[in-house]
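First the structure, in the form of structure tokens, and then the observations on it.
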Amino acid sequence: MALAGNPNVGKSVIFNQLTGLNQYVANWPGKTVEKVEGILYFKGYKIRILDLPGTYSLSAYSIEEIISRDYIAIERPDVIINVVDASALERNLYLTIQLLELEAPIVMALNQVDFAARRGIKVNAKKLSELLGIPVIPTVAISGTGIQELISKAVEVAKKGFEARTRIRFGREIEERIEKLELTVSQKLPELSRTYPPRWIATKLLEKDANITEKVKKYPMGEEVLKETEKLIKEIEEIHGEDSAIVFASERYSIANKIAKEVVEFVVPPKVTLGEKLDAITTHKIMGYPILALIMAGVFTTIFFIGDIFIGILEEVFEHVISITYSSLYALSPLFADIISNGILMGIAAGVTIVFPYIIPFYVLLAILEDSGYLPRASFLMDNLMHKLGLHGKAFIPFLLGYGCNVPACIGCRIMETERERFLCGFLVVLVPCSARTIVILGLVGKYVGIEAALALYLINLVLILLLGRITFKVLPGEPVGLIMEMPAYRRPSIKTIVLKTWTRTKSFTYMAFPIIVIGSTILEALKILGFLQPISEIASPLLVNWLGLPKELAIPLILGVLRKELTLIMLSELFGTLNFAEVLTRSQMIVFSLVTMLYFPCVATFAALVHEFGWKKALTTAFVDILLALFLGGLAFRVLEVFI
Amino acid sequence: MDEGLKKLIDLKPGEKGIVMAVRGGWGLMRRVAELGLTPGTEVIMIRGAPFRGPVEVLVRGVVVALGRGVAVKILVKPIR
């Protein structure tokens, strides 16, 4: 069973209702798109449910769309639940029509009927079902209304399989040409016609679908089919005076429009709802920005406030555990004790003290912002600024994530539409000072040099991201994409969704980052025991002393800092045996040290996220650029500061 | 521009228009069409963002945000 629907229609809420905690997130093989699966137990059936990515269409425009349609065509789920927003039926039907074209067995969940009713929109589900030839079940996902009926209907349809009761019919001049090409396709490409319905192949060819055209080319008879396609496209374009892709989009929308007109009734003239009022204020030219700033400030104060409390408790606990383990193992073998407690346990401690105090509150607040519909507003307001980086408004979200932790920020870059945009976004987002780096900046520069200097570092960081964005934008091949985004209506966030979202995100973060943190920590401990760190710091010392003007002892904290950037501060205190850094470092050394820590090699977990999202080559390039940048600017800062301080 | 066509971005808040053409690359044309802005569709301008930012328009019952670069490429015929 698979769930398909537009973004923001409550698809994941329905998915959560169906599967509860029986769900797991992975990636589609070879793709950076989440594959969310779950299990539903219903009347003795064990049903596997897949939550397809939310898309508006099934064209070949985005990776998500190709994944969805290939899954439907190739894996042939027994039934597809098409989740539809009752308050925006026409737009949602655009996808439904394409699902029907794929000849998939469908049950429609007409969701958010309550919300539509409040806006004065009433949808005649029975008539809609008749017109589309598929069962239509009205639901309210958040309260669970209609879910039971939806499942029974879906099971019923799954047993019966696809019945072509209604076919999507385009205008006559197009219909004739589809049928003509369909015949050719089924004769000349029998193999491909077994994977996809031949009528669908014909339709896709006629609307210049790049993915299908590529596939057809691979067959020996493909050239002939494409030649005929070209001729037919030309005819269609001559009749309509438009690009054939646009002709098909228009045709589908006009079908959607006709159906929607017949089943949608405006009961009362739509009143201005609370959500609309909120929308007007939060996207207001002037008012919108202070509100945005206030919300962001609120989010970060809350995170740091909660984080601080928990981090204190957890660190104490871990210190205890580590020292007990160490002393009890020391009797057995000192080497073993070092590896276990300072390597493995320290790694786990590092992971836990980041995840629980900062990441979880961050995910909770993020889920609230997301579920309520505020994030698109923020993107809307920030679009202009993001264009300065060569990105568009949606990129604001990963940047926001980055101030919490760079790992989810890298994954968050998936919301960008093209590979180019994704990498550009990921490349820049790892430079955003995360909470760990904030600790170093505030704990060193903020405390000993002054808050103005710390803020100046942030400003330098912003300028740097801006400049780097401009340069990368020019260097990276490909065409930039503009902002095209739906603004969903404001909704009251549901607690269940927030809990589940936080849970799944924390889980996938843990799976990805934890092993690396633990392994990295163990390796570094081993290097330390084997006495490799001293020579490394000797090698690095000319660079450190002559170029950056830092004491050579700082090489070790900087190297170990790749595990967790805030470790650099802790090790600094261990190294010098003091918590008063003013005794051991000059003010300009503190600034240089913080600057380098802020910019150099992203931490191990972030690097892993980069590899995961963009591959080794791009991850290594990013790391390399960051290290060079840190060294260059560090040296520059040293020289500039010498003059002033 | 001939026949009283306007760029979408030039519509005033509350003003209605009919999409006539999209003057962009094929990819842009297609994306815009898939979100429902096909030729002949009625759009209502809701509001623009400050500092030459994006605009919000109502199309087929859905509010869509369009970047400025996108909204200047869509030609509409204003109606009252």
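Chain labels follow the order of the structure tokens: the first chain is A, the next B, and so on; residue numbering restarts at 1 in every chain, and ligands are counted from 1 in their shown order.
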Would you give me, as an mmCIF file with C-alpha atoms, in the first residue's frame, the residues of chain A that come within 8 Å of chain B, using only C-alpha atoms?
```cif
data_model
loop_
_atom_site.group_PDB
_atom_site.id
_atom_site.type_symbol
_atom_site.label_atom_id
_atom_site.label_comp_id
_atom_site.auth_asym_id
_atom_site.auth_seq_id
_atom_site.Cartn_x
_atom_site.Cartn_y
_atom_site.Cartn_z
ATOM 1 C CA TYR A 56 2.296 18.170 -7.069
ATOM 2 C CA SER A 57 2.789 16.174 -10.189
ATOM 3 C CA TYR A 61 10.834 17.578 -12.968
ATOM 4 C CA SER A 87 -10.034 22.894 0.524
ATOM 5 C CA ALA A 88 -7.856 22.943 -2.601
ATOM 6 C CA GLU A 90 -8.731 21.480 -8.101
ATOM 7 C CA ARG A 91 -4.988 21.663 -7.578
ATOM 8 C CA ALA A 245 4.198 20.161 -22.164
ATOM 9 C CA ILE A 246 2.087 23.209 -21.398
ATOM 10 C CA ALA A 249 -0.664 20.601 -18.123
ATOM 11 C CA SER A 250 -3.528 22.826 -19.312
ATOM 12 C CA TYR A 253 -6.028 21.281 -15.194
ATOM 13 C CA THR A 283 4.057 38.069 5.642
ATOM 14 C CA HIS A 284 3.516 41.793 6.004
ATOM 15 C CA LYS A 285 6.110 44.017 4.342
ATOM 16 C CA ILE A 286 7.218 45.612 7.561
ATOM 17 C CA PHE A 380 8.842 34.037 1.685
ATOM 18 C CA LEU A 381 10.262 36.893 3.727
ATOM 19 C CA ASP A 383 13.664 35.043 -0.411
ATOM 20 C CA ASN A 384 15.368 38.258 -1.323
ATOM 21 C CA HIS A 392 16.044 31.217 -3.023
ATOM 22 C CA VAL A 481 15.944 28.190 -10.023
ATOM 23 C CA GLY A 482 13.489 30.792 -8.772
ATOM 24 C CA LEU A 483 11.150 30.482 -5.833
ATOM 25 C CA ILE A 484 7.907 28.701 -6.632
ATOM 26 C CA MET A 485 6.249 27.504 -3.468
ATOM 27 C CA GLU A 486 2.805 26.860 -2.140
ATOM 28 C CA MET A 487 1.790 28.798 0.954
ATOM 29 C CA PRO A 488 -0.287 26.358 2.967
#
```
> Near range 350-362 of chain A, within 8 Å and counting only C-alpha atoms, which residues show up once chain neighbours fewer than 2 positions away are dropped, as an MDAnalysis selection string?
Replying inline: chainID A and resid 299 303:304 306:311 314:315 346:348 364:366 404:405 435 502 506 510 513:514 517:518 564
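Counting only C-alpha atoms, the residue from B:Lys12, B:Lys73, B:Lys6, B:Arg23 that sits nearest to Ile44 in chain B is B:Lys12.
Interatomic distance, CA of Ala623 in chain A to CA of Arg639 in chain A: 24.4 Å.
One distance worth recording is that between CA of Gly120 in chain A and CA of Val267 in chain A, which is 5.1 Å.
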>> Please identify the helix (DSSP H, G or I) residues within chain B (assignment by DSSP from backbone atoms) and present them as a PyMOL selection string.
In response: chain B and resi 2-4+8-10+26-34+68-71
Residues of the last selection are to be written out with C-alpha atoms, as an mmCIF file, in the first residue's frame.
```
data_model
loop_
_atom_site.group_PDB
_atom_site.id
_atom_site.type_symbol
_atom_site.label_atom_id
_atom_site.label_comp_id
_atom_site.auth_asym_id
_atom_site.auth_seq_id
_atom_site.Cartn_x
_atom_site.Cartn_y
_atom_site.Cartn_z
ATOM 1 C CA ASP B 2 0.817 45.204 -26.590
ATOM 2 C CA GLU B 3 -2.854 44.426 -25.954
ATOM 3 C CA GLY B 4 -2.633 45.733 -22.415
ATOM 4 C CA LEU B 8 2.409 39.494 -13.072
ATOM 5 C CA ILE B 9 4.639 41.368 -10.669
ATOM 6 C CA ASP B 10 3.021 44.665 -11.692
ATOM 7 C CA TRP B 26 11.180 25.392 -20.728
ATOM 8 C CA GLY B 27 11.836 24.209 -17.193
ATOM 9 C CA LEU B 28 10.356 27.317 -15.634
ATOM 10 C CA MET B 29 7.341 27.253 -17.942
ATOM 11 C CA ARG B 30 6.650 23.720 -16.968
ATOM 12 C CA ARG B 31 7.033 24.194 -13.238
ATOM 13 C CA VAL B 32 4.762 27.190 -13.273
ATOM 14 C CA ALA B 33 2.188 25.266 -15.302
ATOM 15 C CA GLU B 34 2.292 22.316 -12.923
ATOM 16 C CA ARG B 68 10.496 38.026 -8.218
ATOM 17 C CA GLY B 69 12.543 36.486 -11.009
ATOM 18 C CA VAL B 70 9.652 34.147 -11.720
ATOM 19 C CA ALA B 71 6.872 36.719 -11.419
#
```
>> When you look at Asp371 in chain A with a cut-off of 12 Å (counting only C-alpha atoms), what residues show up, excluding the ones that are within fewer than 2 positions of it in the same chain? I need them as number ranges by chain.
In response: A: 7-10, 12-13, 142, 363-369, 373-376, 488-502
> Phe607 in chain A: which residues within 12 Å, counting only C-alpha atoms, same-chain residues fewer than 6 positions away excluded, as a PyMOL selection string?
Replying inline: chain A and resi 406-411+426-427+429-431+512-513+516-517+520+562-564+600-601+613-624+626
